[in-house]
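Asks: Handing you this structure, nothing more for now.
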Amino acid sequence: MSEAKSIWGLRLLALALAVTAWFVLSVEKREPLSEKVVEATVRYDNFPGLIVVQRVETVRVGVRGTVSRMRTLNPYLVDVFVELPNPTSGAFDVPLTAESVILPEALEVVSIEPNIIYLELDVEKTDLLPVEPRLEGEPAAGAKVRMAEVIPPRVLVRGPETMLDTIGSLVTTPVDLTGHALDFQEQAAVLPPDPLVNVVQPAVVTVRILMEIPGTESLNDSGDSTE
């Protein structure tokens, strides 16, 4: 008897949940509709062997839904996803449609501005590029820099092919000469010339500075002593 009561209790609970869900949906369907324009982030597919050189970061998406849903809509939940069936290097005009928009359920896209965006892809390339030290400040006691050496002299970088082919060398973060009259060395980070260029390794190099005072011989040709 108790088992039968339990089964009927479960059936009644399921029926109550179904009626509640139906009621919520029917009320929502009777709600008036509202529209809102949100600033949506444009996200790009991973294009193997290619780098996105020029892109559109955001577009304006018109969204429609019930008043209650629009009132609680988080704009950060609306994204536009861009993918290409056969990506190659070059420049493209990419049309955006409602299928490109990712947004919460029960909402629909009514507009996208602009609905065509410009996209430029370049071949991803790795290369070894020389590094030049950036020196700042005035040495002490009238000393001058006799030689500035970067160890290692080249670093591995990754970036767009056309960009890497035009870069002659990279530079380090500033090395301050102020107060130095003897040979010294210090660590310095390698600065990428553009956000699209990634310094793979090493990201930090050693800058070895050999100093001399005019009219005298170098105090330390080996460069091991520090001031």
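Each chain of the structure tokens is named A, B, ... in the order shown, its residues numbered from 1; ligands are numbered from 1 in display order.
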Fewer than 4 positions away in the same chain doesn't count, so skip those; otherwise give me all residues within 12 Å of range 59-70 of chain A, counting only C-alpha atoms, as a PyMOL selection string.

Replies: chain A and resi 25+27-43+55+74-82+96-98+100-118

Asks: Please report, as number ranges by chain, each residue of range 15-128 of chain A to which DSSP assigns helix (DSSP H, G or I) when run on this structure's backbone.

Replies: A: 15-30, 67-71, 75-77, 98-100

Asks: Pick out the residues sitting within 7 Å of Pro193 in chain A, and hand them over as a PDB file with all heavy atoms, in the first residue's frame; count only C-alpha atoms, and ignore anything fewer than 2 positions along from it in its own chain.

Replies:
ATOM      1  N   LEU A 170      65.426  43.333 -32.974  1.00  0.00           N
ATOM      2  CA  LEU A 170      64.627  43.642 -31.801  1.00  0.00           C
ATOM      3  C   LEU A 170      65.480  44.441 -30.817  1.00  0.00           C
ATOM      4  O   LEU A 170      66.704  44.486 -30.944  1.00  0.00           O
ATOM      5  CB  LEU A 170      64.124  42.359 -31.136  1.00  0.00           C
ATOM      6  CG  LEU A 170      63.405  41.356 -32.031  1.00  0.00           C
ATOM      7  CD1 LEU A 170      63.006  40.128 -31.215  1.00  0.00           C
ATOM      8  CD2 LEU A 170      62.182  41.978 -32.671  1.00  0.00           C
ATOM      9  N   LEU A 191      61.944  43.102 -26.216  1.00  0.00           N
ATOM     10  CA  LEU A 191      60.653  43.723 -26.497  1.00  0.00           C
ATOM     11  C   LEU A 191      60.160  43.342 -27.893  1.00  0.00           C
ATOM     12  O   LEU A 191      60.866  43.575 -28.885  1.00  0.00           O
ATOM     13  CB  LEU A 191      60.762  45.244 -26.398  1.00  0.00           C
ATOM     14  CG  LEU A 191      61.154  45.794 -25.022  1.00  0.00           C
ATOM     15  CD1 LEU A 191      61.311  47.307 -25.097  1.00  0.00           C
ATOM     16  CD2 LEU A 191      60.118  45.413 -23.971  1.00  0.00           C
ATOM     17  N   VAL A 197      53.709  39.891 -32.736  1.00  0.00           N
ATOM     18  CA  VAL A 197      54.986  39.172 -32.714  1.00  0.00           C
ATOM     19  C   VAL A 197      55.225  38.655 -31.304  1.00  0.00           C
ATOM     20  O   VAL A 197      55.172  39.417 -30.333  1.00  0.00           O
ATOM     21  CB  VAL A 197      56.147  40.082 -33.160  1.00  0.00           C
ATOM     22  CG1 VAL A 197      57.477  39.344 -33.036  1.00  0.00           C
ATOM     23  CG2 VAL A 197      55.940  40.550 -34.597  1.00  0.00           C
TER      24      VAL A 197
END

Asks: Just the residues within 7 Å of Pro174 in chain A, please, counting only C-alpha atoms, with nothing from its chain fewer than 6 positions along; format it as a PDB file with N, CA, C and O atoms, in the first residue's frame.

Replies:
ATOM      1  N   ARG A 134      69.319  48.445 -25.663  1.00  0.00           N
ATOM      2  CA  ARG A 134      68.932  49.850 -25.546  1.00  0.00           C
ATOM      3  C   ARG A 134      69.613  50.435 -24.310  1.00  0.00           C
ATOM      4  O   ARG A 134      69.343  50.012 -23.190  1.00  0.00           O
ATOM      5  N   LEU A 135      70.498  51.394 -24.526  1.00  0.00           N
ATOM      6  CA  LEU A 135      71.298  51.968 -23.445  1.00  0.00           C
ATOM      7  C   LEU A 135      70.785  53.363 -23.098  1.00  0.00           C
ATOM      8  O   LEU A 135      70.474  54.164 -23.983  1.00  0.00           O
ATOM      9  N   GLU A 136      70.733  53.641 -21.800  1.00  0.00           N
ATOM     10  CA  GLU A 136      70.291  54.945 -21.325  1.00  0.00           C
ATOM     11  C   GLU A 136      71.181  55.405 -20.177  1.00  0.00           C
ATOM     12  O   GLU A 136      71.822  54.608 -19.497  1.00  0.00           O
TER      13      GLU A 136
END

Asks: Nearest to Leu210 in chain A among A:Leu177, A:Ile167, A:Ile51, A:Leu73, with distances taken over only C-alpha atoms: which residue is it?

Replies: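 Residue with the minimum atom-to-atom distance to Leu210 in chain A: A:Leu177.
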
Asks: Please return, as number ranges by chain, all residues of range 79-138 of chain A that DSSP assigns to strand (DSSP E) on the basis of the backbone.

Replies: A: 79-82, 90-95, 101-102, 108-113, 116-132, 135-136

Asks: Report the distance between CA of Val94 in chain A and CA of Glu124 in chain A in Å, rounded to one decimal place.

Replies: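 Straight-line distance from CA of Val94 in chain A to CA of Glu124 in chain A works out to 20.8 Å.
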
Asks: To one decimal place, how far is CA of Val199 in chain A from CA of Met211 in chain A in Å?

Replies: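 Taking CA of Val199 in chain A as the start and CA of Met211 in chain A as the end point, the length is 29.2 Å.
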
Asks: I want to know what sits within 12 Å of Pro153 in chain A, based on only C-alpha atoms, with residues of the same chain fewer than 5 positions away left out; could you give that as a PyMOL selection string?

Replies: chain A and resi 128-133+148+169-172+190+201-202+204-208

Asks: Would you put the residues from that selection into a file with all heavy atoms, as a CSV table (one decimal), in the first residue's frame?

Replies:
chain,number,residue,atom,x,y,z
A,128,LEU,N,64.8,33.6,-36.4
A,128,LEU,CA,65.8,34.0,-35.5
A,128,LEU,C,66.1,35.4,-35.9
A,128,LEU,O,66.6,35.7,-37.0
A,128,LEU,CB,67.0,33.1,-35.5
A,128,LEU,CG,66.9,31.8,-34.8
A,128,LEU,CD1,68.1,30.9,-35.1
A,128,LEU,CD2,66.8,32.0,-33.3
A,129,LEU,N,66.0,36.4,-34.9
A,129,LEU,CA,66.2,37.8,-35.2
A,129,LEU,C,67.3,38.3,-34.2
A,129,LEU,O,67.3,37.9,-33.0
A,129,LEU,CB,65.0,38.6,-35.1
A,129,LEU,CG,63.9,38.4,-36.2
A,129,LEU,CD1,62.7,39.3,-35.9
A,129,LEU,CD2,64.5,38.6,-37.6
A,130,PRO,N,68.2,39.2,-34.7
A,130,PRO,CA,69.2,39.8,-33.8
A,130,PRO,C,68.6,40.7,-32.8
A,130,PRO,O,67.5,41.3,-33.0
A,130,PRO,CB,70.1,40.5,-34.8
A,130,PRO,CG,69.3,40.8,-35.9
A,130,PRO,CD,68.3,39.7,-36.1
A,131,VAL,N,69.2,40.9,-31.7
A,131,VAL,CA,68.8,41.8,-30.6
A,131,VAL,C,69.8,42.9,-30.3
A,131,VAL,O,71.0,42.6,-30.2
A,131,VAL,CB,68.5,41.0,-29.3
A,131,VAL,CG1,68.0,41.9,-28.2
A,131,VAL,CG2,67.5,39.9,-29.5
A,132,GLU,N,69.3,44.1,-30.3
A,132,GLU,CA,70.2,45.2,-30.0
A,132,GLU,C,69.9,45.8,-28.6
A,132,GLU,O,68.7,45.9,-28.2
A,132,GLU,CB,70.0,46.4,-31.0
A,132,GLU,CG,70.3,46.0,-32.4
A,132,GLU,CD,71.7,45.7,-32.7
A,132,GLU,OE1,72.6,46.2,-31.9
A,132,GLU,OE2,72.1,45.0,-33.7
A,133,PRO,N,70.9,46.1,-27.8
A,133,PRO,CA,70.7,46.6,-26.4
A,133,PRO,C,70.2,48.1,-26.5
A,133,PRO,O,70.8,48.8,-27.3
A,133,PRO,CB,72.0,46.5,-25.7
A,133,PRO,CG,73.0,46.6,-26.8
A,133,PRO,CD,72.4,45.9,-28.0
A,148,ALA,N,78.9,46.9,-26.3
A,148,ALA,CA,77.7,46.4,-25.7
A,148,ALA,C,77.3,45.1,-26.4
A,148,ALA,O,77.1,45.1,-27.6
A,148,ALA,CB,76.6,47.4,-25.8
A,169,SER,N,65.7,44.0,-36.5
A,169,SER,CA,66.2,43.5,-35.2
A,169,SER,C,65.2,43.9,-34.2
A,169,SER,O,64.3,44.7,-34.4
A,169,SER,CB,67.6,44.1,-34.9
A,169,SER,OG,67.5,45.6,-34.8
A,170,LEU,N,65.4,43.3,-33.0
A,170,LEU,CA,64.6,43.6,-31.8
A,170,LEU,C,65.5,44.4,-30.8
A,170,LEU,O,66.7,44.5,-30.9
A,170,LEU,CB,64.1,42.4,-31.1
A,170,LEU,CG,63.4,41.4,-32.0
A,170,LEU,CD1,63.0,40.1,-31.2
A,170,LEU,CD2,62.2,42.0,-32.7
A,171,VAL,N,64.8,45.1,-29.8
A,171,VAL,CA,65.6,45.8,-28.8
A,171,VAL,C,65.2,45.3,-27.4
A,171,VAL,O,64.2,44.6,-27.3
A,171,VAL,CB,65.3,47.3,-28.9
A,171,VAL,CG1,65.8,47.9,-30.2
A,171,VAL,CG2,63.8,47.6,-28.7
A,172,THR,N,66.1,45.6,-26.5
A,172,THR,CA,65.8,45.2,-25.1
A,172,THR,C,65.2,46.3,-24.3
A,172,THR,O,65.1,47.4,-24.8
A,172,THR,CB,67.1,44.8,-24.4
A,172,THR,OG1,67.9,46.0,-24.3
A,172,THR,CG2,67.9,43.7,-25.2
A,190,VAL,N,63.5,41.1,-23.9
A,190,VAL,CA,63.4,41.4,-25.3
A,190,VAL,C,62.0,41.9,-25.6
A,190,VAL,O,61.0,41.3,-25.3
A,190,VAL,CB,63.7,40.2,-26.1
A,190,VAL,CG1,63.7,40.6,-27.6
A,190,VAL,CG2,65.1,39.6,-25.8
A,201,GLN,N,61.7,32.3,-27.4
A,201,GLN,CA,62.8,32.1,-26.5
A,201,GLN,C,64.2,32.6,-27.1
A,201,GLN,O,64.4,32.6,-28.3
A,201,GLN,CB,62.9,30.6,-26.2
A,201,GLN,CG,63.3,29.7,-27.4
A,201,GLN,CD,63.5,28.3,-27.1
A,201,GLN,OE1,63.3,27.8,-25.9
A,201,GLN,NE2,63.9,27.5,-28.0
A,202,PRO,N,65.0,33.0,-26.1
A,202,PRO,CA,64.7,33.4,-24.7
A,202,PRO,C,64.0,34.8,-24.7
A,202,PRO,O,64.3,35.6,-25.5
A,202,PRO,CB,66.0,33.4,-24.1
A,202,PRO,CG,67.0,33.9,-25.1
A,202,PRO,CD,66.5,33.3,-26.4
A,204,VAL,N,64.3,36.7,-22.1
A,204,VAL,CA,65.2,37.5,-21.3
A,204,VAL,C,66.7,37.2,-21.7
A,204,VAL,O,67.0,36.0,-21.9
A,204,VAL,CB,65.1,37.3,-19.8
A,204,VAL,CG1,66.1,38.2,-19.0
A,204,VAL,CG2,63.7,37.7,-19.4
A,205,VAL,N,67.5,38.2,-22.0
A,205,VAL,CA,68.8,38.0,-22.4
A,205,VAL,C,69.8,38.7,-21.5
A,205,VAL,O,69.3,39.5,-20.6
A,205,VAL,CB,69.1,38.6,-23.9
A,205,VAL,CG1,68.3,37.8,-24.9
A,205,VAL,CG2,68.7,40.1,-23.9
A,206,THR,N,71.1,38.5,-21.6
A,206,THR,CA,72.1,39.2,-20.8
A,206,THR,C,72.8,40.2,-21.7
A,206,THR,O,73.2,40.0,-22.8
A,206,THR,CB,73.2,38.2,-20.3
A,206,THR,OG1,72.6,37.2,-19.5
A,206,THR,CG2,74.3,38.9,-19.5
A,207,VAL,N,72.8,41.4,-21.1
A,207,VAL,CA,73.5,42.5,-21.8
A,207,VAL,C,74.8,42.8,-21.1
A,207,VAL,O,74.8,43.1,-19.9
A,207,VAL,CB,72.7,43.8,-21.8
A,207,VAL,CG1,73.4,44.9,-22.5
A,207,VAL,CG2,71.3,43.6,-22.5
A,208,ARG,N,75.9,42.6,-21.8
A,208,ARG,CA,77.3,42.8,-21.2
A,208,ARG,C,77.9,44.1,-21.8
A,208,ARG,O,78.0,44.3,-23.0
A,208,ARG,CB,78.1,41.6,-21.7
A,208,ARG,CG,79.6,41.5,-21.1
A,208,ARG,CD,80.2,40.2,-21.4
A,208,ARG,NE,81.6,40.1,-21.0
A,208,ARG,CZ,82.6,40.1,-21.9
A,208,ARG,NH1,82.3,40.3,-23.2
A,208,ARG,NH2,83.8,40.1,-21.5

Asks: If we count only C-alpha atoms and set the cut-off at 12 Å, which residues sit around Ser89 in chain A, ignoring sequence neighbours fewer than 3 positions away in its own chain? Please answer as a ChimeraX atom specification.

Replies: /A:47-54,84,86,92,119-124,160-162
